[in-house]
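The structure appears below as C-alpha cells.
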Amino acid sequence: MNRVMKVAWMYHDIMDLYGDKGNMMVLKKRCEDRGIDFVLHTIGIGQEADLSDYDLIFLGGGADKEQMSLIPDLLSRKENIQKAMEENTFVLLICGGYQLFGKYYEAADHSKIPGLGFYSYYTDTGKEGSRCIGNVVIEADLDGRKTKIVGFENHGGQTLGVEHPLGAVIKGYGNSFDAGQEGFYDGKILGTYLHGPLLPKNPEVADFVIYKALKKRDPDFRFEELAPLSEHWENLAREAIFKKLEIQE
C-alpha cells in the first residue's frame with residue numbers, strides 16, 4: 001500500500017522560531033526512509049487552503065510581533081481548522097502556535113492577543129519580564145506509549161488552565177513556573193513549549209506524529225506498522241542531555 005502524508009505548515013515564513021523548520025525536515029526524512037510519500041505545503045497569510053484536506057497541520061513559534069500579524073488570518077480560518085480536527089487531521093503546535101489554540105495570549109506589553117478558543121487554557125505574561133528558560137525533560141504518555149521527551153524552552157508566557165497536559169516535568173519549568181506539567185495533548189492536538197527543535201531529539205515523538213497523521217486516511221493503522229529506523233545520532237544527543245541534567249533515561 002502506497003501511503004501518503006500530506007502536511008500543511010502554517011505561517012512558515014514568520015513562525016519559525018528556534019529552528020522549528022527542523023521538525024518538518026525530520027518528518028520528511030523519516031517518512032521517505034519508510035517509502036511514505038511526504039507532501040508539504042506552506043500556507044502564508046492570505047493564501048487559500050482547505051486545511052481539512054491535510055493529514056497534519058503544523059504551526060511553530062514566533063515573537064509577539066509575528067503572532068499579532070497573523071491573528072486576523074488565523075481567526076478567519078477557525079471554522080476550517082475546526083472542520084479539519086473533526087475529520088481527524090492531527091495538529092502539532094510549538095510555543096506560540098500552542099498558545100494561539102487557547103483563549104488568549106498576553107504579550108509582554110500586557111496587550112491580549114485573541115486565540116482560536118478551541119480550549120480553555122490561556123497564557124498570561126511572566127511578571128517583570130521573567131521567562132522560563134533552559135533544558136526540559138518531561139514524562140509523557142502518548143496513547144499508552146510512555147516516553148521521556150527532551151527539549152529547550154524559552155518563553156515568557158505562562159500557560160494556565162491546561163486540562164490535558166502532555167506530560168509531567170522532570171526537569172525544567174513547563175507550562176508555567178510552578179505548573180509541574182508541560183504542553184497539551186488530547187488525542188487531536190499536541191502542543192508544547194519544547195523547541196530545540198523538538199523532533200530531532202525525540203524520534204519516538206516524530207513517529208507518533210506520523211502515526212497520528214496516517215490514521216486520518218487509515219483509521220486501522222497501528223504504530224507498530226512503522227518500520228524501525230536507526231536512531232544512533234538521536235540517541236547520542238539524548239544521552240548527552242540526560243547526562244548533563246543527571247537524569248536516567
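Ordering of the C-alpha cells sets the chain letters (A, B, ...); residue numbers start at 1 within each chain; ligands are numbered from 1 in the order shown.
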
Legend entry - Contact residues around range 75-89 of chain A with only C-alpha atoms at 7 Å, ignoring same-chain residues under 5 positions, as a PyMOL selection string: chain A and resi 50-52+54-56+116+188+213+216

Legend entry - Shell of 9 Å around Leu70 in chain A, only C-alpha atoms, local chain residues under 6 positions omitted, as a PyMOL selection string: chain A and resi 11+14+44-45

Next, the residues of the selection above should be written as a PDB file, in the first residue's frame with all heavy atoms.
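File written: result_28.pdb
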ATOM      1  N   TYR A  11       2.056  29.530   8.247  1.00  0.00           N
ATOM      2  CA  TYR A  11       2.854  30.729   8.552  1.00  0.00           C
ATOM      3  C   TYR A  11       4.340  30.379   8.692  1.00  0.00           C
ATOM      4  O   TYR A  11       5.024  30.820   9.619  1.00  0.00           O
ATOM      5  CB  TYR A  11       2.316  31.419   9.806  1.00  0.00           C
ATOM      6  CG  TYR A  11       0.814  31.586   9.776  1.00  0.00           C
ATOM      7  CD1 TYR A  11      -0.002  30.977  10.729  1.00  0.00           C
ATOM      8  CD2 TYR A  11       0.198  32.324   8.778  1.00  0.00           C
ATOM      9  CE1 TYR A  11      -1.383  31.120  10.684  1.00  0.00           C
ATOM     10  CE2 TYR A  11      -1.190  32.466   8.716  1.00  0.00           C
ATOM     11  CZ  TYR A  11      -1.975  31.855   9.676  1.00  0.00           C
ATOM     12  OH  TYR A  11      -3.345  31.985   9.624  1.00  0.00           O
ATOM     13  N   ILE A  14       6.953  33.309   9.096  1.00  0.00           N
ATOM     14  CA  ILE A  14       7.032  34.186  10.266  1.00  0.00           C
ATOM     15  C   ILE A  14       6.974  33.446  11.605  1.00  0.00           C
ATOM     16  O   ILE A  14       7.267  34.024  12.640  1.00  0.00           O
ATOM     17  CB  ILE A  14       5.935  35.280  10.245  1.00  0.00           C
ATOM     18  CG1 ILE A  14       4.542  34.653  10.138  1.00  0.00           C
ATOM     19  CG2 ILE A  14       6.170  36.263   9.119  1.00  0.00           C
ATOM     20  CD1 ILE A  14       3.423  35.666  10.216  1.00  0.00           C
ATOM     21  N   GLY A  44       0.788  30.712   3.879  1.00  0.00           N
ATOM     22  CA  GLY A  44       1.038  32.013   4.472  1.00  0.00           C
ATOM     23  C   GLY A  44      -0.228  32.829   4.624  1.00  0.00           C
ATOM     24  O   GLY A  44      -1.333  32.379   4.274  1.00  0.00           O
ATOM     25  N   ILE A  45      -0.080  34.040   5.135  1.00  0.00           N
ATOM     26  CA  ILE A  45      -1.213  34.944   5.323  1.00  0.00           C
ATOM     27  C   ILE A  45      -1.873  35.220   3.979  1.00  0.00           C
ATOM     28  O   ILE A  45      -1.203  35.574   3.004  1.00  0.00           O
ATOM     29  CB  ILE A  45      -0.752  36.257   5.980  1.00  0.00           C
ATOM     30  CG1 ILE A  45      -0.282  35.989   7.419  1.00  0.00           C
ATOM     31  CG2 ILE A  45      -1.870  37.298   5.974  1.00  0.00           C
ATOM     32  CD1 ILE A  45       0.320  37.204   8.108  1.00  0.00           C
TER      33      ILE A  45
END

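Distance annotation: of A:Gly157, A:Phe221, A:Ile57, A:Met5, the residue with the minimal separation from Gly35 in chain A is A:Met5; atom set is only C-alpha atoms.
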
Show me, as CSV, the residues of range 113-136 of chain A having an atom within 10 Å of range 192-207 of chain A, each with the closest atom pair and its distance in Å, using only C-alpha atoms.
residue,atom,partner,partner_atom,distance
A:Cys132,CA,A:Tyr193,CA,9.8
A:Gly134,CA,A:Leu194,CA,9.9
A:Asn135,CA,A:Leu194,CA,8.7
A:Val136,CA,A:Leu194,CA,7.4

Using the selection just defined, write its residues with all heavy atoms as a PDB file, in the first residue's frame.
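The resulting file, out23.pdb, is reproduced below:
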ATOM      1  N   CYS A 132      10.696  31.455  31.394  1.00  0.00           N
ATOM      2  CA  CYS A 132      11.072  30.061  31.638  1.00  0.00           C
ATOM      3  C   CYS A 132      12.103  29.689  30.571  1.00  0.00           C
ATOM      4  O   CYS A 132      11.770  29.603  29.381  1.00  0.00           O
ATOM      5  CB  CYS A 132       9.859  29.149  31.516  1.00  0.00           C
ATOM      6  SG  CYS A 132       8.547  29.475  32.714  1.00  0.00           S
ATOM      7  N   GLY A 134      15.589  27.156  29.559  1.00  0.00           N
ATOM      8  CA  GLY A 134      16.509  26.072  29.855  1.00  0.00           C
ATOM      9  C   GLY A 134      16.091  24.748  29.259  1.00  0.00           C
ATOM     10  O   GLY A 134      15.064  24.641  28.575  1.00  0.00           O
ATOM     11  N   ASN A 135      16.903  23.734  29.504  1.00  0.00           N
ATOM     12  CA  ASN A 135      16.584  22.390  29.035  1.00  0.00           C
ATOM     13  C   ASN A 135      15.393  21.835  29.816  1.00  0.00           C
ATOM     14  O   ASN A 135      15.217  22.123  31.002  1.00  0.00           O
ATOM     15  CB  ASN A 135      17.790  21.458  29.208  1.00  0.00           C
ATOM     16  CG  ASN A 135      18.904  21.783  28.239  1.00  0.00           C
ATOM     17  OD1 ASN A 135      18.650  21.918  27.046  1.00  0.00           O
ATOM     18  ND2 ASN A 135      20.124  21.919  28.731  1.00  0.00           N
ATOM     19  N   VAL A 136      14.610  21.021  29.139  1.00  0.00           N
ATOM     20  CA  VAL A 136      13.409  20.438  29.741  1.00  0.00           C
ATOM     21  C   VAL A 136      13.377  18.942  29.468  1.00  0.00           C
ATOM     22  O   VAL A 136      13.739  18.488  28.379  1.00  0.00           O
ATOM     23  CB  VAL A 136      12.125  21.053  29.140  1.00  0.00           C
ATOM     24  CG1 VAL A 136      10.891  20.532  29.861  1.00  0.00           C
ATOM     25  CG2 VAL A 136      12.162  22.551  29.203  1.00  0.00           C
TER      26      VAL A 136
END

Legend entry - Long-range neighbours of His155 in chain A as a ChimeraX atom specification, 12 Å cut-off, only C-alpha atoms, 5 positions minimum in chain: /A:17-18,61-64,94-96,98-99,105-108,123-126,129-134,172-177,192-195

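Across A:Cys31, A:Ile189, A:Met25, A:Leu214, the tightest approach to Gly97 in chain A is made by A:Ile189 when counting only C-alpha atoms.
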
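Counting from CA of Arg34 in chain A, the distance to CA of Gly191 in chain A is 25.7 Å.
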
Inset, instruction - From range 49-248 of chain A, collect each residue whose DSSP state is strand (DSSP E or B) and return the set as number ranges by chain. - result: A: 56-59, 90-94, 104-106, 112-114, 122-125, 132-142, 145-155, 157-160, 167-171, 181-182, 184-185, 189-192, 195

Inset, instruction - Would you list, as a list in words, the residues of range 78-189 of chain A that end up in helix (DSSP H, G or I) under DSSP run on this structure's backbone? - result: Lys78, Glu79, Asn80, Ile81, Gln82, Lys83, Ala84, Met85, Glu86, Gly96, Gly97, Tyr98, Gln99, Lys127, Glu128 and Gly129 of chain A

Export N, CA, C and O atoms of the chosen residues as a PDB file, in the first residue's frame?
ATOM      1  N   LYS A  78     -10.809  29.777  11.488  1.00  0.00           N
ATOM      2  CA  LYS A  78     -11.257  28.998  12.651  1.00  0.00           C
ATOM      3  C   LYS A  78     -12.200  27.861  12.271  1.00  0.00           C
ATOM      4  O   LYS A  78     -12.008  26.710  12.698  1.00  0.00           O
ATOM      5  N   GLU A  79     -13.215  28.129  11.494  1.00  0.00           N
ATOM      6  CA  GLU A  79     -14.169  27.082  11.129  1.00  0.00           C
ATOM      7  C   GLU A  79     -13.495  25.981  10.325  1.00  0.00           C
ATOM      8  O   GLU A  79     -13.799  24.793  10.499  1.00  0.00           O
ATOM      9  N   ASN A  80     -12.576  26.362   9.457  1.00  0.00           N
ATOM     10  CA  ASN A  80     -11.886  25.368   8.637  1.00  0.00           C
ATOM     11  C   ASN A  80     -10.958  24.504   9.479  1.00  0.00           C
ATOM     12  O   ASN A  80     -10.853  23.286   9.254  1.00  0.00           O
ATOM     13  N   ILE A  81     -10.298  25.109  10.479  1.00  0.00           N
ATOM     14  CA  ILE A  81      -9.443  24.331  11.371  1.00  0.00           C
ATOM     15  C   ILE A  81     -10.287  23.380  12.211  1.00  0.00           C
ATOM     16  O   ILE A  81      -9.923  22.215  12.422  1.00  0.00           O
ATOM     17  N   GLN A  82     -11.421  23.864  12.675  1.00  0.00           N
ATOM     18  CA  GLN A  82     -12.337  23.013  13.443  1.00  0.00           C
ATOM     19  C   GLN A  82     -12.792  21.826  12.598  1.00  0.00           C
ATOM     20  O   GLN A  82     -12.821  20.679  13.064  1.00  0.00           O
ATOM     21  N   LYS A  83     -13.131  22.094  11.354  1.00  0.00           N
ATOM     22  CA  LYS A  83     -13.542  21.023  10.437  1.00  0.00           C
ATOM     23  C   LYS A  83     -12.418  20.014  10.254  1.00  0.00           C
ATOM     24  O   LYS A  83     -12.659  18.788  10.252  1.00  0.00           O
ATOM     25  N   ALA A  84     -11.208  20.505  10.089  1.00  0.00           N
ATOM     26  CA  ALA A  84     -10.059  19.613   9.921  1.00  0.00           C
ATOM     27  C   ALA A  84      -9.898  18.695  11.125  1.00  0.00           C
ATOM     28  O   ALA A  84      -9.705  17.475  10.974  1.00  0.00           O
ATOM     29  N   MET A  85      -9.979  19.249  12.333  1.00  0.00           N
ATOM     30  CA  MET A  85      -9.820  18.433  13.535  1.00  0.00           C
ATOM     31  C   MET A  85     -10.952  17.425  13.670  1.00  0.00           C
ATOM     32  O   MET A  85     -10.731  16.286  14.088  1.00  0.00           O
ATOM     33  N   GLU A  86     -12.158  17.831  13.314  1.00  0.00           N
ATOM     34  CA  GLU A  86     -13.298  16.908  13.375  1.00  0.00           C
ATOM     35  C   GLU A  86     -13.146  15.761  12.382  1.00  0.00           C
ATOM     36  O   GLU A  86     -13.700  14.678  12.594  1.00  0.00           O
ATOM     37  N   GLY A  96       4.358  29.467  20.374  1.00  0.00           N
ATOM     38  CA  GLY A  96       3.319  30.417  20.007  1.00  0.00           C
ATOM     39  C   GLY A  96       2.114  29.754  19.366  1.00  0.00           C
ATOM     40  O   GLY A  96       0.966  30.144  19.606  1.00  0.00           O
ATOM     41  N   GLY A  97       2.350  28.747  18.552  1.00  0.00           N
ATOM     42  CA  GLY A  97       1.249  28.020  17.947  1.00  0.00           C
ATOM     43  C   GLY A  97       0.368  27.355  18.998  1.00  0.00           C
ATOM     44  O   GLY A  97      -0.864  27.366  18.908  1.00  0.00           O
ATOM     45  N   TYR A  98       1.014  26.788  20.003  1.00  0.00           N
ATOM     46  CA  TYR A  98       0.310  26.167  21.134  1.00  0.00           C
ATOM     47  C   TYR A  98      -0.538  27.205  21.859  1.00  0.00           C
ATOM     48  O   TYR A  98      -1.726  26.983  22.145  1.00  0.00           O
ATOM     49  N   GLN A  99       0.022  28.355  22.130  1.00  0.00           N
ATOM     50  CA  GLN A  99      -0.703  29.407  22.843  1.00  0.00           C
ATOM     51  C   GLN A  99      -1.956  29.855  22.085  1.00  0.00           C
ATOM     52  O   GLN A  99      -3.005  30.107  22.682  1.00  0.00           O
ATOM     53  N   LYS A 127       5.828  37.816  35.132  1.00  0.00           N
ATOM     54  CA  LYS A 127       5.957  39.045  35.910  1.00  0.00           C
ATOM     55  C   LYS A 127       7.328  39.678  35.717  1.00  0.00           C
ATOM     56  O   LYS A 127       8.353  38.992  35.747  1.00  0.00           O
ATOM     57  N   GLU A 128       7.322  40.985  35.484  1.00  0.00           N
ATOM     58  CA  GLU A 128       8.546  41.777  35.349  1.00  0.00           C
ATOM     59  C   GLU A 128       9.515  41.183  34.324  1.00  0.00           C
ATOM     60  O   GLU A 128      10.729  41.143  34.534  1.00  0.00           O
ATOM     61  N   GLY A 129       8.948  40.695  33.237  1.00  0.00           N
ATOM     62  CA  GLY A 129       9.784  40.171  32.168  1.00  0.00           C
ATOM     63  C   GLY A 129      10.424  38.828  32.441  1.00  0.00           C
ATOM     64  O   GLY A 129      11.333  38.407  31.714  1.00  0.00           O
TER      65      GLY A 129
END

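If you measure from each of A:Ala140, A:Leu100, A:Met10, A:Ile210 to Gly117 in chain A using only C-alpha atoms, the closest one turns out to be A:Leu100.
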